[in-house]
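Here is the file model.cif (mmCIF, C-alpha atoms).
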data_upload
loop_
_atom_site.label_atom_id
_atom_site.label_comp_id
_atom_site.auth_asym_id
_atom_site.auth_seq_id
_atom_site.Cartn_x
_atom_site.Cartn_y
_atom_site.Cartn_z
CA MET A 255 123.40 -10.64 67.72
CA THR A 256 121.55 -8.74 70.40
CA ASN A 257 120.67 -5.11 70.65
CA GLU A 258 121.36 -4.95 74.37
CA ILE A 259 123.01 -1.85 75.66
CA GLN A 260 126.10 -2.81 77.58
CA THR A 261 126.88 -0.79 80.66
CA PRO A 262 130.43 -0.39 81.84
CA PRO A 263 131.44 -2.57 84.77
CA LYS A 264 130.79 -1.09 88.18
CA LYS A 265 133.88 0.45 89.71
CA ASN A 266 135.28 -1.19 92.78
CA ARG A 267 135.28 1.70 95.25
CA ALA A 268 136.74 1.70 98.74
CA ALA A 269 137.32 4.13 101.57
CA VAL A 270 140.15 6.43 100.58
CA ALA A 271 142.16 5.30 103.63
CA ALA A 272 142.34 1.80 102.11
CA LEU A 273 144.06 3.02 98.93
CA VAL A 274 147.75 3.62 98.25
CA VAL A 275 149.57 5.45 95.49
CA SER A 276 150.39 3.06 92.65
CA ALA A 277 153.91 2.87 91.23
CA ALA A 278 152.50 3.94 87.87
CA THR A 279 151.10 7.10 89.45
CA LEU A 280 154.41 7.91 91.17
CA ILE A 281 156.26 7.51 87.87
CA GLY A 282 153.55 9.43 86.01
CA ILE A 283 153.84 12.37 88.39
CA ALA A 284 157.63 12.35 88.04
CA ALA A 285 157.35 12.24 84.25
CA ASN A 286 154.76 15.02 84.12
CA GLU A 287 156.73 17.24 86.47
CA GLY A 288 160.10 16.54 84.88
CA TYR A 289 163.38 16.66 86.77
CA VAL A 290 165.46 19.79 87.25
CA GLY A 291 168.45 19.65 89.61
CA VAL A 292 168.77 23.37 90.30
CA ALA A 293 165.97 25.58 91.67
CA TYR A 294 164.11 27.56 89.03
CA ARG A 295 160.95 29.65 88.93
CA ASP A 296 157.94 27.81 87.52
CA VAL A 297 155.49 29.44 85.10
CA VAL A 298 153.87 31.43 87.92
CA GLY A 299 157.18 32.36 89.55
CA VAL A 300 157.34 29.86 92.42
CA PRO A 301 160.81 28.46 93.24
CA THR A 302 160.74 24.78 92.21
CA ILE A 303 163.25 21.93 92.18
CA GLY A 304 163.51 18.19 91.53
CA PHE A 305 160.19 16.75 90.40
CA GLY A 306 158.07 19.86 90.91
CA GLU A 307 158.80 20.34 94.61
CA THR A 308 158.05 23.85 95.91
CA LYS A 309 157.91 23.49 99.71
CA GLY A 310 160.87 25.26 101.30
CA VAL A 311 162.67 25.73 97.97
CA LYS A 312 164.96 28.73 97.59
CA MET A 313 166.64 29.95 94.45
CA GLY A 314 170.14 28.47 94.30
CA ASP A 315 169.10 25.16 95.89
CA LYS A 316 170.42 22.00 94.24
CA THR A 317 169.40 18.34 94.36
CA THR A 318 170.19 14.98 92.77
CA PRO A 319 167.77 12.63 91.02
CA ILE A 320 167.85 10.22 93.99
CA ARG A 321 167.22 12.91 96.61
CA ALA A 322 164.52 14.41 94.39
CA MET A 323 162.75 11.03 94.08
CA ILE A 324 162.88 10.51 97.86
CA LYS A 325 161.45 14.01 98.35
CA LEU A 326 158.78 13.33 95.71
CA GLU A 327 157.60 10.22 97.54
CA ALA A 328 157.45 12.06 100.88
CA SER A 329 155.68 15.02 99.31
CA ILE A 330 153.12 12.79 97.59
CA ASP A 331 152.42 11.13 100.95
CA GLU A 332 151.77 14.57 102.49
CA HIS A 333 149.48 15.54 99.62
CA VAL A 334 147.59 12.25 99.86
CA LYS A 335 147.04 12.74 103.59
CA GLY A 336 145.58 16.19 103.04
CA MET A 337 143.53 15.14 100.02
CA SER A 338 142.16 12.08 101.81
CA ALA A 339 140.88 14.21 104.68
CA CYS A 340 138.67 16.04 102.18
CA ILE A 341 137.18 12.96 100.50
CA LYS A 342 134.08 11.68 102.28
CA VAL A 343 132.95 9.03 99.79
CA PRO A 344 134.48 5.75 98.61
CA ILE A 345 136.55 6.03 95.43
CA SER A 346 138.21 3.64 93.00
CA GLN A 347 141.97 3.17 92.61
CA GLY A 348 141.83 5.03 89.29
CA GLU A 349 140.01 7.96 90.86
CA PHE A 350 142.50 7.96 93.75
CA ASP A 351 145.49 7.95 91.39
CA ALA A 352 144.03 10.74 89.25
CA TYR A 353 143.21 12.91 92.25
CA THR A 354 146.65 12.26 93.75
CA SER A 355 148.37 13.49 90.58
CA PHE A 356 146.05 16.48 90.43
CA THR A 357 146.52 17.35 94.11
CA TYR A 358 150.29 17.10 93.87
CA ASN A 359 150.16 19.59 91.01
CA VAL A 360 147.65 22.12 92.40
CA GLY A 361 147.99 21.63 96.17
CA VAL A 362 145.79 20.25 98.92
CA HIS A 363 143.96 23.53 99.56
CA ALA A 364 143.04 23.91 95.88
CA PHE A 365 141.79 20.31 95.76
CA CYS A 366 139.77 20.54 98.96
CA THR A 367 138.08 23.83 98.02
CA SER A 368 137.42 22.92 94.38
CA ALA A 369 134.15 22.20 92.62
CA LEU A 370 135.69 18.79 91.93
CA ALA A 371 135.76 17.93 95.66
CA VAL A 372 132.23 19.26 96.13
CA LYS A 373 130.90 17.12 93.28
CA LEU A 374 132.84 14.08 94.43
CA ASN A 375 131.53 14.30 97.99
CA LYS A 376 127.98 14.59 96.64
CA GLY A 377 128.52 11.29 94.80
CA ASP A 378 128.76 12.92 91.37
CA TYR A 379 131.74 10.80 90.34
CA GLU A 380 131.43 11.58 86.63
CA GLY A 381 131.09 15.31 87.25
CA ALA A 382 134.11 15.27 89.57
CA CYS A 383 136.25 13.57 86.93
CA LYS A 384 135.15 16.12 84.32
CA GLU A 385 136.27 18.96 86.61
CA LEU A 386 139.87 17.82 86.13
CA LEU A 387 139.77 19.03 82.53
CA LYS A 388 139.15 22.62 83.64
CA TRP A 389 142.51 22.87 85.41
CA ASP A 390 144.85 23.36 82.45
CA HIS A 391 145.75 26.99 83.17
CA ALA A 392 148.62 28.53 85.13
CA GLY A 393 148.97 32.25 85.54
CA GLY A 394 145.91 32.75 83.33
CA LYS A 395 147.44 30.90 80.38
CA VAL A 396 146.61 27.45 78.96
CA TYR A 397 149.63 25.13 78.92
CA PRO A 398 149.62 22.13 76.54
CA GLY A 399 151.50 20.06 79.14
CA LEU A 400 148.79 20.75 81.71
CA THR A 401 146.09 19.98 79.15
CA ARG A 402 147.76 16.62 78.39
CA ARG A 403 148.19 15.86 82.10
CA ARG A 404 144.54 16.65 82.87
CA GLN A 405 143.42 14.43 79.99
CA GLU A 406 145.54 11.57 81.38
CA GLU A 407 144.08 12.14 84.86
CA PHE A 408 140.56 12.30 83.44
CA LYS A 409 141.08 8.99 81.65
CA LYS A 410 142.35 7.30 84.86
CA CYS A 411 139.52 8.84 86.83
CA SER A 412 136.79 7.85 84.38
CA GLU A 413 138.00 4.33 83.65
CA GLY A 414 138.86 3.59 87.25
#
Starting from the file, lay out its structure as structure tokens.
Amino acid sequence: MTNEIQTPPKKNRAAVAALVVSAATLIGIAANEGYVGVAYRDVVGVPTIGFGETKGVKMGDKTTPIRAMIKLEASIDEHVKGMSACIKVPISQGEFDAYTSFTYNVGVHAFCTSALAVKLNKGDYEGACKELLKWDHAGGKVYPGLTRRRQEEFKKCSEG
């Protein structure tokens, strides 16, 4: 038996342009958002439909699970494009998946102007992952579902 300290394996990081959203992340986002077929106001009052879609949604709008999933995929692609433009360092697939889920939930602008993005682009990977845990509020209130989601994202981000 040795007393060696084992370090975790080095993450395989790549340019963000080389990464794609994993199926597990797509399903995870859908599960975290939940499906609602008729437009409703989210906890901060924004009209929302399908799997958390807000862009162009008006109260009274309706969708189906299939249309909502197609819209989710397109919306995630848009969010990834915006998020990727703000990431200047290589990241792992786990980091990419965590930041994709986070960005879909909070928006590209919030991601790009966050302390998380600043830390990430300075190479503080651990600090960037920890920033995820701070984003469990909406409308000034802590939501257990957001806390759980951020913990899941943190785990993906940290374990890579």
### Summary
A:Asp315 proximity check over A:His391, A:Arg295, A:Lys384, A:Lys265, using all atoms listed in the file: winner is A:Arg295
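Interatomic distance, atom CA of A:Phe408 against atom CA of A:Gly288: 20.0 Å.
The protein and nucleic acid residues lying at most 12 Å from A:Asn266 are A:Leu273, A:Pro344, A:Ile345, A:Ser346, A:Gln347, A:Gly348, A:Glu349, A:Phe350, A:Glu413, A:Gly414, with all atoms listed in the file considered and sequence neighbours fewer than 5 positions away removed.
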Would you kindly translate the PyMOL selection byres ((chain A and resi 285) around 12) into the concrete residues it picks from this file, as a PDB file with C-alpha atoms, in the frame of the given file?
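New file expr.pdb:
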ATOM      1  CA  ALA A 278     152.500   3.940  87.870  1.00  0.00           C
ATOM      2  CA  THR A 279     151.100   7.100  89.450  1.00  0.00           C
ATOM      3  CA  LEU A 280     154.410   7.910  91.170  1.00  0.00           C
ATOM      4  CA  ILE A 281     156.260   7.510  87.870  1.00  0.00           C
ATOM      5  CA  GLY A 282     153.550   9.430  86.010  1.00  0.00           C
ATOM      6  CA  ILE A 283     153.840  12.370  88.390  1.00  0.00           C
ATOM      7  CA  ALA A 284     157.630  12.350  88.040  1.00  0.00           C
ATOM      8  CA  ASN A 286     154.760  15.020  84.120  1.00  0.00           C
ATOM      9  CA  GLU A 287     156.730  17.240  86.470  1.00  0.00           C
ATOM     10  CA  GLY A 288     160.100  16.540  84.880  1.00  0.00           C
ATOM     11  CA  TYR A 289     163.380  16.660  86.770  1.00  0.00           C
ATOM     12  CA  VAL A 290     165.460  19.790  87.250  1.00  0.00           C
ATOM     13  CA  GLY A 304     163.510  18.190  91.530  1.00  0.00           C
ATOM     14  CA  PHE A 305     160.190  16.750  90.400  1.00  0.00           C
ATOM     15  CA  GLY A 306     158.070  19.860  90.910  1.00  0.00           C
ATOM     16  CA  MET A 323     162.750  11.030  94.080  1.00  0.00           C
ATOM     17  CA  LEU A 326     158.780  13.330  95.710  1.00  0.00           C
ATOM     18  CA  SER A 355     148.370  13.490  90.580  1.00  0.00           C
ATOM     19  CA  GLY A 399     151.500  20.060  79.140  1.00  0.00           C
ATOM     20  CA  ARG A 403     148.190  15.860  82.100  1.00  0.00           C
TER      21      ARG A 403
END
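Residues captured in this structure file are Gly282, Asn286, Leu386, Leu387, Lys388, Trp389, Asp390, His391, Val396, Tyr397, Pro398, Gly399, Leu400, Thr401, Arg403, Arg404, Gln405, Glu406, Glu407, Phe408 and Lys409 of chain A, according to the PyMOL selection byres ((chain A and resi 402) around 12).
Going from atom CA of A:Lys335 to atom CA of A:Gly310 covers 18.8 Å.
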Explicit residue set for the PyMOL selection byres ((chain A and resi 364-373) around 9), as a short mmCIF file (atom, residue, chain, number, x, y, z; two decimals) with C-alpha atoms, in the frame of the given file:
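Output contents, as saved in selection-v5.cif:
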data_model
loop_
_atom_site.label_atom_id
_atom_site.label_comp_id
_atom_site.auth_asym_id
_atom_site.auth_seq_id
_atom_site.Cartn_x
_atom_site.Cartn_y
_atom_site.Cartn_z
CA GLY A 336 145.58 16.19 103.04
CA MET A 337 143.53 15.14 100.02
CA ALA A 339 140.88 14.21 104.68
CA CYS A 340 138.67 16.04 102.18
CA ILE A 341 137.18 12.96 100.50
CA TYR A 353 143.21 12.91 92.25
CA PHE A 356 146.05 16.48 90.43
CA THR A 357 146.52 17.35 94.11
CA VAL A 360 147.65 22.12 92.40
CA GLY A 361 147.99 21.63 96.17
CA VAL A 362 145.79 20.25 98.92
CA HIS A 363 143.96 23.53 99.56
CA LEU A 374 132.84 14.08 94.43
CA ASN A 375 131.53 14.30 97.99
CA LYS A 376 127.98 14.59 96.64
CA GLY A 377 128.52 11.29 94.80
CA ASP A 378 128.76 12.92 91.37
CA TYR A 379 131.74 10.80 90.34
CA GLU A 380 131.43 11.58 86.63
CA GLY A 381 131.09 15.31 87.25
CA ALA A 382 134.11 15.27 89.57
CA CYS A 383 136.25 13.57 86.93
CA LYS A 384 135.15 16.12 84.32
CA GLU A 385 136.27 18.96 86.61
CA LEU A 386 139.87 17.82 86.13
#
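Comparing A:Val292, A:Ala328, A:Val297, A:Val275 by their smallest distance to A:Val311, the closest is A:Val292 (using only C-alpha atoms).
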### Query
Nearest to A:Ser412: which of A:Gly291, A:Tyr358, A:Asp351, A:Arg321 is it, counting all atoms listed in the file?
A:Asp351
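Nearest residue to A:Ser338 among A:Ala272, A:Ile324, A:Ile303, A:Cys411 is A:Ala272, counting only C-alpha atoms.
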## Note on the structure
Using all atoms listed in the file, the residue out of A:Ala392, A:Ala269, A:Met313, A:Val334 with shortest distance to A:Ala352 is A:Val334
Around all the atoms of stretch 307-324 of chain A listed in the file, with 4 Å of room on each side, what axis-aligned box do you get, giving centre and edge lengths in Å to one decimal, as AutoDock Vina command-line options?
--center_x 164.2 --center_y 20.1 --center_z 96.2 --size_x 20.5 --size_y 27.7 --size_z 18.3
### Message
Report, in Å to a single decimal, how far apart atom CA of A:Ala293 and atom CA of A:Thr318 are.
### Response
11.5 Å
### Among listed residues A:Glu307, A:Lys312, A:Thr302, A:Arg267, nearest A:His333 (using all atoms listed in the file)
A:Glu307
